[in-house]
$ cat final_5.txt   # compact mmCIF, C-alpha atoms and all ligand atoms
# COMPACT_ATOMS: atom_id res chain seq x y z
CA MET A 16 33.75 105.76 91.48
CA THR A 17 33.24 102.04 91.96
CA SER A 18 30.70 101.90 89.16
CA GLN A 19 33.31 102.59 86.51
CA LEU A 20 35.24 99.59 87.76
CA LYS A 21 32.30 97.22 87.45
CA LYS A 22 32.55 94.84 84.55
CA GLU A 23 29.78 94.06 82.14
CA LYS A 24 29.93 90.31 81.66
CA SER A 25 29.43 87.84 84.47
CA VAL A 26 32.16 85.28 83.86
CA SER A 27 35.67 86.27 84.62
CA LYS A 28 38.74 84.21 83.97
CA VAL A 29 41.80 83.76 86.13
CA ILE A 30 44.79 82.95 83.93
CA VAL A 31 48.17 82.02 85.40
CA ILE A 32 51.34 82.70 83.41
CA THR A 33 53.78 80.11 84.66
CA SER A 34 56.87 78.09 83.64
CA GLY A 35 58.93 76.58 86.44
CA LYS A 36 62.14 77.99 84.99
CA GLY A 37 63.11 81.62 85.53
CA GLY A 38 63.97 84.11 82.82
CA VAL A 39 61.87 82.49 80.10
CA GLY A 40 59.50 85.45 79.64
CA LYS A 41 56.65 85.10 82.17
CA THR A 42 56.61 88.73 83.24
CA THR A 43 57.07 90.00 79.68
CA SER A 44 54.17 87.75 78.59
CA SER A 45 51.94 88.72 81.54
CA ALA A 46 52.33 92.41 80.68
CA ALA A 47 51.85 91.83 76.96
CA ILE A 48 48.83 89.53 77.31
CA GLY A 49 47.24 91.76 79.96
CA ALA A 50 47.70 94.86 77.82
CA GLY A 51 46.53 93.01 74.71
CA LEU A 52 43.28 91.94 76.40
CA ALA A 53 42.71 95.43 77.81
CA LYS A 54 43.32 96.99 74.40
CA ARG A 55 40.42 94.92 73.11
CA GLY A 56 38.21 96.48 75.77
CA HIS A 57 38.26 93.72 78.37
CA LYS A 58 38.70 94.89 81.96
CA THR A 59 41.97 93.28 82.88
CA VAL A 60 44.20 93.22 85.94
CA VAL A 61 47.71 91.79 86.07
CA ILE A 62 48.87 90.58 89.51
CA ASP A 63 52.51 90.20 90.49
CA PHE A 64 52.92 87.01 92.56
CA ASP A 65 56.72 87.29 92.76
CA VAL A 66 56.82 88.51 96.37
CA GLY A 67 60.16 90.10 97.29
CA LEU A 68 61.24 90.44 93.66
CA ARG A 69 58.76 92.96 92.35
CA ASN A 70 59.29 93.48 88.62
CA LEU A 71 55.97 93.64 86.86
CA ASP A 72 55.61 97.31 87.89
CA MET A 73 58.83 98.18 86.01
CA ILE A 74 57.82 96.25 82.90
CA MET A 75 54.42 97.98 82.91
CA GLY A 76 55.97 101.37 83.69
CA CYS A 77 54.08 102.14 86.91
CA GLU A 78 56.91 101.64 89.41
CA ARG A 79 56.78 105.24 90.62
CA ARG A 80 53.11 104.99 91.50
CA VAL A 81 53.13 102.01 93.85
CA VAL A 82 51.62 102.90 97.21
CA TYR A 83 50.04 99.72 98.51
CA ASP A 84 50.55 96.19 97.28
CA PHE A 85 48.97 92.74 97.12
CA ILE A 86 50.41 91.83 100.56
CA ASN A 87 49.01 95.00 102.18
CA VAL A 88 45.59 93.96 100.86
CA ILE A 89 45.93 90.35 102.05
CA GLN A 90 46.97 91.55 105.49
CA GLY A 91 44.10 94.02 105.73
CA GLU A 92 46.31 97.12 105.70
CA ALA A 93 44.74 98.50 102.55
CA LYS A 94 41.62 98.01 100.53
CA LEU A 95 41.91 96.40 97.11
CA LYS A 96 40.86 99.53 95.24
CA GLN A 97 43.60 101.50 97.00
CA ALA A 98 46.26 99.08 95.78
CA LEU A 99 45.11 98.77 92.17
CA ILE A 100 47.06 101.01 89.79
CA ARG A 101 45.24 102.10 86.68
CA ASP A 102 47.34 102.17 83.53
CA LYS A 103 47.82 105.64 82.07
CA ARG A 104 47.62 104.44 78.45
CA VAL A 105 44.76 101.91 78.43
CA ASP A 106 41.96 102.66 80.85
CA THR A 107 40.72 99.07 81.11
CA LEU A 108 44.14 97.91 82.33
CA TYR A 109 45.15 97.67 86.00
CA VAL A 110 48.17 96.39 87.89
CA LEU A 111 48.24 94.89 91.37
CA PRO A 112 51.90 95.14 92.38
CA THR A 113 53.54 92.90 94.93
CA SER A 114 55.68 93.71 97.96
CA GLN A 115 59.39 94.30 97.54
CA THR A 116 60.17 94.00 101.25
CA ARG A 117 58.39 90.86 102.39
CA ASP A 118 58.76 87.21 101.47
CA LYS A 119 56.54 84.53 100.01
CA ASP A 120 55.26 83.46 103.43
CA ALA A 121 53.22 86.66 103.49
CA LEU A 122 50.95 85.03 100.88
CA THR A 123 48.22 82.84 102.31
CA GLN A 124 45.84 80.66 100.37
CA GLU A 125 42.80 82.26 102.04
CA GLY A 126 44.17 85.73 101.37
CA VAL A 127 44.83 85.01 97.70
CA GLU A 128 41.37 83.50 97.33
CA ALA A 129 39.68 86.52 98.93
CA VAL A 130 41.51 88.96 96.66
CA LEU A 131 40.77 86.91 93.52
CA ASN A 132 37.09 86.64 94.44
CA GLU A 133 36.87 90.39 94.88
CA LEU A 134 38.64 90.94 91.55
CA ARG A 135 36.25 88.52 89.83
CA GLU A 136 33.42 90.91 90.69
CA GLU A 137 34.98 93.67 88.64
CA PHE A 138 37.30 92.26 86.01
CA ASP A 139 36.92 90.12 82.90
CA TYR A 140 40.46 88.79 83.03
CA ILE A 141 42.79 88.32 85.98
CA ILE A 142 46.34 87.56 84.87
CA CYS A 143 48.62 86.04 87.51
CA ASP A 144 52.35 86.54 86.86
CA SER A 145 53.91 83.55 88.63
CA PRO A 146 57.34 83.54 90.25
CA ALA A 147 59.86 80.97 89.01
CA GLY A 148 60.15 77.62 90.77
CA ILE A 149 57.50 75.21 91.93
CA GLU A 150 57.35 76.25 95.58
CA ARG A 151 54.69 78.06 97.56
CA GLY A 152 54.60 81.28 95.51
CA ALA A 153 54.27 79.47 92.18
CA GLN A 154 51.70 77.05 93.59
CA LEU A 155 49.55 79.87 94.98
CA ALA A 156 49.73 81.72 91.66
CA MET A 157 48.28 78.68 89.86
CA TYR A 158 45.96 77.34 92.57
CA PHE A 159 42.79 79.24 91.67
CA ALA A 160 43.43 79.48 87.92
CA ASP A 161 40.85 78.62 85.26
CA GLU A 162 43.47 78.60 82.51
CA ALA A 163 47.24 78.42 82.31
CA VAL A 164 49.77 79.77 79.86
CA VAL A 165 52.96 77.75 80.20
CA VAL A 166 55.81 79.91 78.91
CA THR A 167 58.50 77.73 77.37
CA ASN A 168 61.77 78.35 75.51
CA PRO A 169 62.90 75.77 72.93
CA GLU A 170 65.63 74.52 75.19
CA VAL A 171 65.95 71.35 77.30
CA SER A 172 65.73 72.66 80.86
CA SER A 173 62.82 74.95 80.06
CA VAL A 174 60.84 72.14 78.39
CA ARG A 175 61.54 69.81 81.27
CA ASP A 176 60.38 72.41 83.82
CA SER A 177 57.27 73.11 81.76
CA ASP A 178 56.42 69.43 81.86
CA ARG A 179 56.76 69.48 85.63
CA VAL A 180 54.51 72.53 85.87
CA LEU A 181 51.89 70.88 83.64
CA GLY A 182 51.89 68.01 86.12
CA LEU A 183 51.28 70.41 89.03
CA LEU A 184 48.48 72.15 87.16
CA ASN A 185 46.77 68.78 86.90
CA SER A 186 47.31 67.77 90.52
CA LYS A 187 47.94 70.67 92.87
CA THR A 188 45.22 73.16 91.97
CA LYS A 189 41.67 73.87 93.04
CA ARG A 190 40.26 72.53 89.81
CA ALA A 191 42.29 69.34 90.25
CA ALA A 192 41.10 68.93 93.85
CA GLU A 193 37.42 69.58 93.19
CA GLU A 194 35.45 66.61 92.04
CA GLY A 195 33.61 67.20 88.79
CA ALA A 196 35.46 70.45 88.01
CA GLU A 197 36.83 70.91 84.50
CA PRO A 198 40.61 70.63 84.57
CA ILE A 199 42.64 73.79 84.02
CA LYS A 200 42.97 74.58 80.33
CA ALA A 201 46.71 74.72 79.73
CA GLN A 202 48.43 76.03 76.62
CA VAL A 203 52.07 76.48 75.71
CA LEU A 204 53.47 79.85 74.69
CA LEU A 205 56.80 79.35 73.00
CA THR A 206 58.97 82.42 73.56
CA ARG A 207 62.48 83.58 72.67
CA TYR A 208 62.09 81.55 69.50
CA ASP A 209 65.22 81.95 67.38
CA ARG A 210 64.54 80.77 63.86
CA ALA A 211 68.14 80.97 62.67
CA ARG A 212 69.31 78.69 65.47
CA ILE A 213 66.43 76.29 64.89
CA GLU A 214 67.23 76.09 61.18
CA LYS A 215 70.83 75.30 62.05
CA GLY A 216 69.56 72.46 64.23
CA GLU A 217 70.86 74.08 67.41
CA MET A 218 67.45 74.51 68.96
CA MET A 219 64.40 72.30 69.11
CA THR A 220 61.59 73.05 66.67
CA VAL A 221 58.03 73.94 67.61
CA ASP A 222 56.94 70.45 66.63
CA ASP A 223 59.61 68.89 68.87
CA VAL A 224 58.44 70.86 71.89
CA LEU A 225 54.74 70.18 71.28
CA GLU A 226 55.37 66.50 70.75
CA ILE A 227 57.00 66.31 74.15
CA LEU A 228 54.56 68.46 76.11
CA ALA A 229 51.40 67.34 74.29
CA VAL A 230 49.33 70.45 75.02
CA PRO A 231 47.95 73.01 72.54
CA LEU A 232 50.10 75.86 71.31
CA LEU A 233 48.97 79.39 72.15
CA GLY A 234 51.63 81.17 70.13
CA ILE A 235 55.23 81.56 69.05
CA VAL A 236 57.03 84.70 70.17
CA PRO A 237 60.34 85.27 68.38
CA GLU A 238 63.48 86.47 70.11
CA SER A 239 63.23 90.18 69.42
CA PRO A 240 65.14 93.34 70.33
CA ALA A 241 61.74 95.04 70.69
CA VAL A 242 61.23 93.18 73.98
CA LEU A 243 64.32 94.65 75.63
CA LYS A 244 63.54 98.10 74.28
CA ALA A 245 59.98 97.96 75.59
CA SER A 246 61.19 96.88 79.03
CA ASN A 247 63.72 99.73 79.07
CA VAL A 248 60.97 102.28 78.69
CA GLY A 249 58.33 100.48 80.75
CA VAL A 250 55.81 99.81 78.01
CA PRO A 251 54.19 96.39 77.52
CA VAL A 252 55.42 95.23 74.12
CA VAL A 253 51.94 95.33 72.52
CA LEU A 254 51.57 99.01 73.43
CA ASP A 255 54.93 99.89 71.88
CA GLU A 256 55.73 100.22 68.18
CA PRO A 257 54.67 97.19 66.10
CA SER A 258 57.26 94.43 65.96
CA ALA A 259 57.43 90.70 65.32
CA ALA A 260 57.07 90.15 69.06
CA SER A 261 54.08 92.46 69.50
CA GLN A 262 52.37 90.82 66.51
CA ALA A 263 52.96 87.39 68.04
CA TYR A 264 51.47 88.50 71.36
CA GLU A 265 48.44 90.07 69.65
CA ASP A 266 47.83 86.76 67.87
CA ALA A 267 48.21 84.83 71.13
CA VAL A 268 45.67 87.11 72.82
CA ALA A 269 43.20 86.56 69.98
CA ARG A 270 43.57 82.78 70.37
CA LEU A 271 43.22 83.08 74.15
CA ILE A 272 39.75 84.57 73.71
CA GLY A 273 38.78 81.90 71.22
CA GLU A 274 39.52 83.43 67.83
CA GLU A 275 41.11 81.26 65.17
CA VAL A 276 44.31 82.86 64.01
CA GLU A 277 46.83 81.14 61.80
CA MET A 278 50.10 80.31 63.48
CA ARG A 279 52.89 82.55 62.22
CA VAL A 280 56.58 82.65 62.86
CA ASP A 281 58.17 86.08 62.40
CA GLY A 282 55.09 87.13 60.48
CA GLU A 283 55.20 84.14 58.10
CA ARG A 284 52.49 81.52 58.00
CA LYS A 285 53.16 78.04 59.13
CA PRO A 286 50.17 76.17 57.70
CA GLY A 287 51.50 72.66 58.20
CA LEU A 288 51.64 73.21 61.91
CA LEU A 289 48.17 74.66 62.07
CA ARG A 290 46.66 71.76 60.19
CA ARG A 291 48.35 69.36 62.54
CA LEU A 292 47.09 71.09 65.65
CA PHE A 293 43.48 71.39 64.63
CA GLY A 294 43.55 68.08 62.83
CA ARG A 295 44.45 66.24 65.98
CA SER A 296 41.81 67.72 68.21
CA ALA A 297 39.01 67.51 65.63
CA MET B 2 89.03 105.77 60.07
CA LYS B 3 89.74 108.28 62.79
CA ARG B 4 88.54 107.23 66.22
CA LEU B 5 87.80 109.66 68.97
CA GLY B 6 87.54 108.86 72.65
CA PHE B 7 84.21 110.60 72.89
CA PRO B 8 81.05 110.46 70.85
CA LEU B 9 80.94 112.80 67.85
CA TRP B 10 77.50 114.05 68.69
CA PRO B 11 75.61 114.30 71.94
CA ARG B 12 74.00 111.09 73.08
CA ARG B 13 70.43 110.89 71.91
CA PRO B 14 67.88 109.75 74.47
CA SER B 15 68.09 106.02 73.91
CA SER B 16 65.83 103.44 75.52
CA ALA B 17 68.84 102.23 77.50
CA GLN B 18 69.28 105.73 78.93
CA THR B 19 65.60 105.75 79.89
CA ALA B 20 66.10 102.39 81.61
CA LYS B 21 69.03 103.77 83.59
CA ASP B 22 67.11 106.89 84.64
CA ARG B 23 64.11 104.87 85.77
CA LEU B 24 66.28 102.52 87.79
CA GLN B 25 68.19 105.34 89.43
CA ILE B 26 65.00 107.00 90.62
CA LEU B 27 63.47 103.75 91.82
CA LEU B 28 66.56 102.41 93.56
CA ALA B 29 67.28 105.74 95.29
CA HIS B 30 63.87 105.44 96.91
CA GLU B 31 64.23 101.75 97.72
CA ARG B 32 67.70 102.03 99.24
CA SER B 33 66.83 105.00 101.39
CA GLY B 34 64.12 102.89 102.92
CA ALA B 35 61.69 105.54 101.77
CA THR B 36 59.49 102.83 100.29
CA PRO B 37 56.14 103.62 101.78
CA ASP B 38 56.04 101.07 104.58
CA TYR B 39 54.76 103.85 106.81
CA LEU B 40 51.73 104.45 104.65
CA PRO B 41 49.29 102.04 106.34
CA GLN B 42 50.07 103.75 109.66
CA LEU B 43 49.80 107.20 108.08
CA GLN B 44 46.46 106.25 106.61
CA ARG B 45 45.09 105.08 109.95
CA GLU B 46 46.21 108.28 111.64
CA ILE B 47 44.69 110.52 108.98
CA LEU B 48 41.42 108.64 109.29
CA GLU B 49 41.50 109.09 113.08
CA VAL B 50 41.99 112.83 112.80
CA ILE B 51 39.24 113.25 110.25
CA ARG B 52 36.87 111.11 112.29
CA ARG B 53 37.07 113.64 115.08
CA HIS B 54 35.08 115.89 112.78
CA VAL B 55 33.24 113.76 110.20
CA LYS B 56 32.00 110.22 110.09
CA ILE B 57 33.78 108.41 107.21
CA ASP B 58 34.40 104.84 106.09
CA ASP B 59 37.72 103.00 106.16
CA ASP B 60 37.88 102.99 102.39
CA ALA B 61 36.94 106.64 101.94
CA ILE B 62 40.64 107.44 101.76
CA ASP B 63 42.67 107.10 98.59
CA ILE B 64 46.42 107.67 98.54
CA ARG B 65 48.28 108.07 95.24
CA MET B 66 51.97 108.60 94.86
CA ASP B 67 54.39 109.74 92.18
CA GLN B 68 58.07 109.28 92.94
CA GLY B 69 60.30 111.58 90.95
CA LYS B 70 63.97 112.45 90.78
CA GLU B 71 63.81 115.75 92.64
CA LEU B 72 60.29 115.65 93.91
CA SER B 73 57.90 112.98 95.06
CA SER B 74 54.29 113.72 95.67
CA LEU B 75 51.65 112.11 97.77
CA GLU B 76 48.07 112.81 96.81
CA ILE B 77 45.51 112.07 99.48
CA ASN B 78 41.85 112.06 98.57
CA ILE B 79 39.16 111.79 101.20
CA GLU B 80 35.65 111.04 100.11
CA LEU B 81 33.23 112.86 102.41
CA PRO B 82 29.75 111.52 103.11
CA HIS B 83 27.01 112.89 100.93
CA THR B 84 25.36 115.38 103.28
CA ARG B 85 24.74 119.06 103.02
CA PRO B 86 26.04 121.23 105.82
N1 LIG A 301 60.83 87.37 72.96
C1 LIG A 301 61.89 87.87 73.59
N2 LIG A 301 62.93 88.39 72.90
C2 LIG A 301 64.00 88.89 73.53
N3 LIG A 301 64.13 88.94 74.87
C3 LIG A 301 63.14 88.44 75.62
C4 LIG A 301 61.97 87.88 75.04
N4 LIG A 301 61.15 87.47 76.05
C5 LIG A 301 61.78 87.78 77.20
N5 LIG A 301 62.98 88.35 76.97
C6 LIG A 301 63.96 88.81 77.96
O1 LIG A 301 64.25 87.74 78.83
C7 LIG A 301 64.46 88.21 80.15
C8 LIG A 301 63.55 87.49 81.12
O2 LIG A 301 62.21 87.84 80.84
P1 LIG A 301 61.08 87.87 81.98
O3 LIG A 301 59.80 88.18 81.29
O4 LIG A 301 61.49 88.74 83.11
O5 LIG A 301 61.11 86.35 82.44
P2 LIG A 301 60.53 85.63 83.75
O6 LIG A 301 59.42 86.50 84.27
O7 LIG A 301 60.05 84.32 83.23
O8 LIG A 301 61.63 85.49 84.71
C9 LIG A 301 64.24 89.71 80.12
O9 LIG A 301 65.48 90.33 80.02
C10 LIG A 301 63.43 89.91 78.86
O10 LIG A 301 63.65 91.19 78.30
MG MG A 302 59.05 87.28 86.26
$ encode --input "final_5.txt" --output "structure tokens" --more "lines below"
Ligand SMILES: Nc1ncnc2c1ncn2[C@@H]1O[C@H](COP(=O)(O)OP(=O)(O)O)[C@@H](O)[C@H]1O
Ligand SMILES: [Mg+2]
Amino acid sequence: MTSQLKKEKSVSKVIVITSGKGGVGKTTSSAAIGAGLAKRGHKTVVIDFDVGLRNLDMIMGCERRVVYDFINVIQGEAKLKQALIRDKRVDTLYVLPTSQTRDKDALTQEGVEAVLNELREEFDYIICDSPAGIERGAQLAMYFADEAVVVTNPEVSSVRDSDRVLGLLNSKTKRAAEEGAEPIKAQVLLTRYDRARIEKGEMMTVDDVLEILAVPLLGIVPESPAVLKASNVGVPVVLDEPSAASQAYEDAVARLIGEEVEMRVDGERKPGLLRRLFGRSA
Amino acid sequence: MKRLGFPLWPRRPSSAQTAKDRLQILLAHERSGATPDYLPQLQREILEVIRRHVKIDDDAIDIRMDQGKELSSLEINIELPHTRP
């Protein structure tokens, strides 16, 4: 039974999906990226760090199957394998739900570390869906991360919060504390991108946001009715019917694992932007 | 155009209707306090009872649940040690 859980490769990656601001698309992105990686055959688990406000289970459509949660495991009331829920559509995809009845104090740094270490034995990718804010819950979600996806909307308060979170990633994490460790690799995922409003000058452009945050761009996810529809039925957007949003998430997943994919907005190429991004780092 | 106070044809199963159904099932369980906070205790007790007869590990028990509208089910699997009687 355990043998089918064992992963093949030896390096696993812990990726935090974070933002500071609430409602920008962290949970949507965690589900989509997790499902996208799993679809490509990588053993992937998505962990809900939003203790007390469990939502990832609904977005992934496994809310009726939650028996034990992350907190039960941390407190020794259940074994990890008893709390992991295997997705019914993609068999390399798992969810570790959080508790709906306890609060963030139930998370301990030692407990989180122990669970992540055990998951590293079996999974290729461990996706941590961070709660909003920059308090304890958000800090624990990012603390052990190897990479970060900073979910940002083209809007002033979201960009400001993302900047704050980028600062924390560089100062308040294990990789920041350990001498000689590579810093966390952080990338921006621009979501709820509304081209009509950007063309009217009502919203900042991709270039504006990147100029301010000065980190690489992982992808651009347009504002799309497919996202609401997918959440209604409990299907990660990349497992639902193809849409501009699912395409954008598939591209982001490809880039996350190191493939070069041209940046597209609503399915259209944006070559100028791509040249700029790679031009600068080369 | 003539307007009627009710839809002309029966409501098709929209994604919004699915969302409402899922929430109703989930919230009925959460509000009733039937969220499985008793499960860790239940698990310990089941293990105790079984241990009176067979020697098994703490993680030899696997509990799965499916909460439904009319019916919820709890599936309990116990892995027995690999010995022939
Ligand atoms: N690309 C998008 N297009 C349309 N709606 C979106 C998009 N991304 C997220 N949303 C909606 O925004 C809301 C917040 O998303 P969620 O993923 O829960 O954010 P967070 O986890 O950051 O709080 C949800 O109602 C979700 O359906
Ligand atoms: Mg969320």
$ closest_atom_pairs --input "final_5.txt" --of "chain B" --to "chain A" --cutoff "8 Å" --atoms "only C-alpha atoms" --output "tab-separated table"
residue	atom	partner	partner_atom	distance
B:Ser16	CA	A:Asn247	CA	5.6
B:Ala17	CA	A:Asn247	CA	5.9
B:Thr19	CA	A:Val248	CA	5.9
B:Ala20	CA	A:Asn247	CA	4.4
B:Leu27	CA	A:Arg79	CA	7.0
B:Pro37	CA	A:Val82	CA	6.5
B:Leu40	CA	A:Val82	CA	7.6
B:Pro41	CA	A:Glu92	CA	5.8
B:Asp60	CA	A:Lys94	CA	6.5
B:Asp63	CA	A:Gln97	CA	5.9
B:Ile64	CA	A:Gln97	CA	7.0
B:Arg65	CA	A:Val82	CA	6.5
B:Met66	CA	A:Arg80	CA	5.1
B:Asp67	CA	A:Arg80	CA	5.0
B:Gln68	CA	A:Arg79	CA	4.8
B:Gly69	CA	A:Arg79	CA	7.3
$ closest_residue --input "final_5.txt" --among "A:Glu226, A:Asp72, A:Ala191, A:Gly148" --to "Asp176 in chain A" --atoms "only C-alpha atoms"
A:Gly148
$ closest_residue --input "final_5.txt" --among "A:Val242, A:Ala196, A:Leu134, A:Ile89" --to "Thr43 in chain A" --atoms "only C-alpha atoms"
A:Val242
$ residues_near_ligand --input "final_5.txt" --ligand "ligand LIG 301 (chain A)" --cutoff "6 Å" --atoms "only C-alpha atoms and all ligand atoms" --output "PyMOL selection string"
chain A and resi 37-43+206-207+236-240+242-243
$ residues_near_ligand --input "final_5.txt" --ligand "ligand MG 302 (chain A)" --cutoff "10 Å" --atoms "only C-alpha atoms and all ligand atoms" --output "list in words"
Ile32, Thr33, Ser34, Lys36, Gly37, Gly38, Val39, Gly40, Lys41, Thr42, Thr43, Ser44, Ser45, Asp63, Phe64, Asp65, Leu68, Arg69, Asn70, Leu71, Ile74, Asp144, Ser145, Pro146 and Ala147 of chain A
$ residues_around --input "final_5.txt" --residues "Ser177 in chain A" --least-positions-apart "6" --cutoff "8 Å" --atoms "only C-alpha atoms" --output "ChimeraX atom specification"
/A:34-36,165-167,228
$ write_last_selection --input "final_5.txt" --atoms "C-alpha atoms" --output "PDB file, keeping the file's coordinate frame"
ATOM      1  CA  SER A  34      56.870  78.090  83.640  1.00  0.00           C
ATOM      2  CA  GLY A  35      58.930  76.580  86.440  1.00  0.00           C
ATOM      3  CA  LYS A  36      62.140  77.990  84.990  1.00  0.00           C
ATOM      4  CA  VAL A 165      52.960  77.750  80.200  1.00  0.00           C
ATOM      5  CA  VAL A 166      55.810  79.910  78.910  1.00  0.00           C
ATOM      6  CA  THR A 167      58.500  77.730  77.370  1.00  0.00           C
ATOM      7  CA  LEU A 228      54.560  68.460  76.110  1.00  0.00           C
TER       8      LEU A 228
END
$ atom_distance --input "final_5.txt" --atom1 "CA of Asp178 in chain A" --atom2 "CA of Leu204 in chain A"
13.0 Å
$ atom_distance --input "final_5.txt" --atom1 "CA of Ser261 in chain A" --atom2 "CA of Ala47 in chain A"
7.8 Å
$ build_atoms --input "final_5.txt" --residues "range 219-226 of chain A" --atoms "all heavy atoms" --output "PDB file, keeping the file's coordinate frame"
ATOM      1  N   MET A 219      65.529  73.143  69.455  1.00  0.00           N
ATOM      2  CA  MET A 219      64.400  72.300  69.110  1.00  0.00           C
ATOM      3  C   MET A 219      63.360  73.086  68.308  1.00  0.00           C
ATOM      4  O   MET A 219      63.195  74.280  68.499  1.00  0.00           O
ATOM      5  CB  MET A 219      63.747  71.767  70.373  1.00  0.00           C
ATOM      6  CG  MET A 219      64.492  70.613  70.988  1.00  0.00           C
ATOM      7  SD  MET A 219      63.608  70.029  72.436  1.00  0.00           S
ATOM      8  CE  MET A 219      64.017  71.305  73.582  1.00  0.00           C
ATOM      9  N   THR A 220      62.648  72.396  67.450  1.00  0.00           N
ATOM     10  CA  THR A 220      61.590  73.050  66.670  1.00  0.00           C
ATOM     11  C   THR A 220      60.299  73.102  67.482  1.00  0.00           C
ATOM     12  O   THR A 220      60.182  72.452  68.527  1.00  0.00           O
ATOM     13  CB  THR A 220      61.301  72.266  65.380  1.00  0.00           C
ATOM     14  OG1 THR A 220      60.744  71.001  65.750  1.00  0.00           O
ATOM     15  CG2 THR A 220      62.548  72.051  64.556  1.00  0.00           C
ATOM     16  N   VAL A 221      59.336  73.869  66.975  1.00  0.00           N
ATOM     17  CA  VAL A 221      58.030  73.940  67.610  1.00  0.00           C
ATOM     18  C   VAL A 221      57.425  72.550  67.723  1.00  0.00           C
ATOM     19  O   VAL A 221      56.904  72.147  68.769  1.00  0.00           O
ATOM     20  CB  VAL A 221      57.083  74.830  66.771  1.00  0.00           C
ATOM     21  CG1 VAL A 221      55.717  74.917  67.418  1.00  0.00           C
ATOM     22  CG2 VAL A 221      57.670  76.213  66.581  1.00  0.00           C
ATOM     23  N   ASP A 222      57.514  71.799  66.633  1.00  0.00           N
ATOM     24  CA  ASP A 222      56.940  70.450  66.630  1.00  0.00           C
ATOM     25  C   ASP A 222      57.587  69.564  67.692  1.00  0.00           C
ATOM     26  O   ASP A 222      56.904  68.788  68.362  1.00  0.00           O
ATOM     27  CB  ASP A 222      57.093  69.808  65.243  1.00  0.00           C
ATOM     28  CG  ASP A 222      56.201  70.504  64.221  1.00  0.00           C
ATOM     29  OD1 ASP A 222      55.624  71.549  64.571  1.00  0.00           O
ATOM     30  OD2 ASP A 222      56.072  70.011  63.093  1.00  0.00           O
ATOM     31  N   ASP A 223      58.911  69.685  67.842  1.00  0.00           N
ATOM     32  CA  ASP A 223      59.610  68.890  68.870  1.00  0.00           C
ATOM     33  C   ASP A 223      59.020  69.179  70.249  1.00  0.00           C
ATOM     34  O   ASP A 223      58.682  68.266  71.012  1.00  0.00           O
ATOM     35  CB  ASP A 223      61.106  69.265  68.924  1.00  0.00           C
ATOM     36  CG  ASP A 223      61.864  68.861  67.661  1.00  0.00           C
ATOM     37  OD1 ASP A 223      61.374  67.985  66.937  1.00  0.00           O
ATOM     38  OD2 ASP A 223      62.954  69.447  67.423  1.00  0.00           O
ATOM     39  N   VAL A 224      58.899  70.463  70.554  1.00  0.00           N
ATOM     40  CA  VAL A 224      58.440  70.860  71.890  1.00  0.00           C
ATOM     41  C   VAL A 224      57.001  70.388  72.122  1.00  0.00           C
ATOM     42  O   VAL A 224      56.669  69.842  73.175  1.00  0.00           O
ATOM     43  CB  VAL A 224      58.539  72.393  72.070  1.00  0.00           C
ATOM     44  CG1 VAL A 224      57.948  72.818  73.405  1.00  0.00           C
ATOM     45  CG2 VAL A 224      59.991  72.859  71.951  1.00  0.00           C
ATOM     46  N   LEU A 225      56.144  70.568  71.118  1.00  0.00           N
ATOM     47  CA  LEU A 225      54.740  70.180  71.280  1.00  0.00           C
ATOM     48  C   LEU A 225      54.581  68.674  71.397  1.00  0.00           C
ATOM     49  O   LEU A 225      53.722  68.174  72.118  1.00  0.00           O
ATOM     50  CB  LEU A 225      53.903  70.694  70.112  1.00  0.00           C
ATOM     51  CG  LEU A 225      53.753  72.210  70.036  1.00  0.00           C
ATOM     52  CD1 LEU A 225      52.882  72.587  68.854  1.00  0.00           C
ATOM     53  CD2 LEU A 225      53.163  72.772  71.325  1.00  0.00           C
ATOM     54  N   GLU A 226      55.438  67.957  70.691  1.00  0.00           N
ATOM     55  CA  GLU A 226      55.370  66.500  70.750  1.00  0.00           C
ATOM     56  C   GLU A 226      55.672  66.028  72.171  1.00  0.00           C
ATOM     57  O   GLU A 226      55.021  65.134  72.706  1.00  0.00           O
ATOM     58  CB  GLU A 226      56.391  65.923  69.768  1.00  0.00           C
ATOM     59  CG  GLU A 226      56.193  64.462  69.450  1.00  0.00           C
ATOM     60  CD  GLU A 226      57.287  63.964  68.513  1.00  0.00           C
ATOM     61  OE1 GLU A 226      57.614  64.688  67.548  1.00  0.00           O
ATOM     62  OE2 GLU A 226      57.827  62.870  68.779  1.00  0.00           O
TER      63      GLU A 226
END
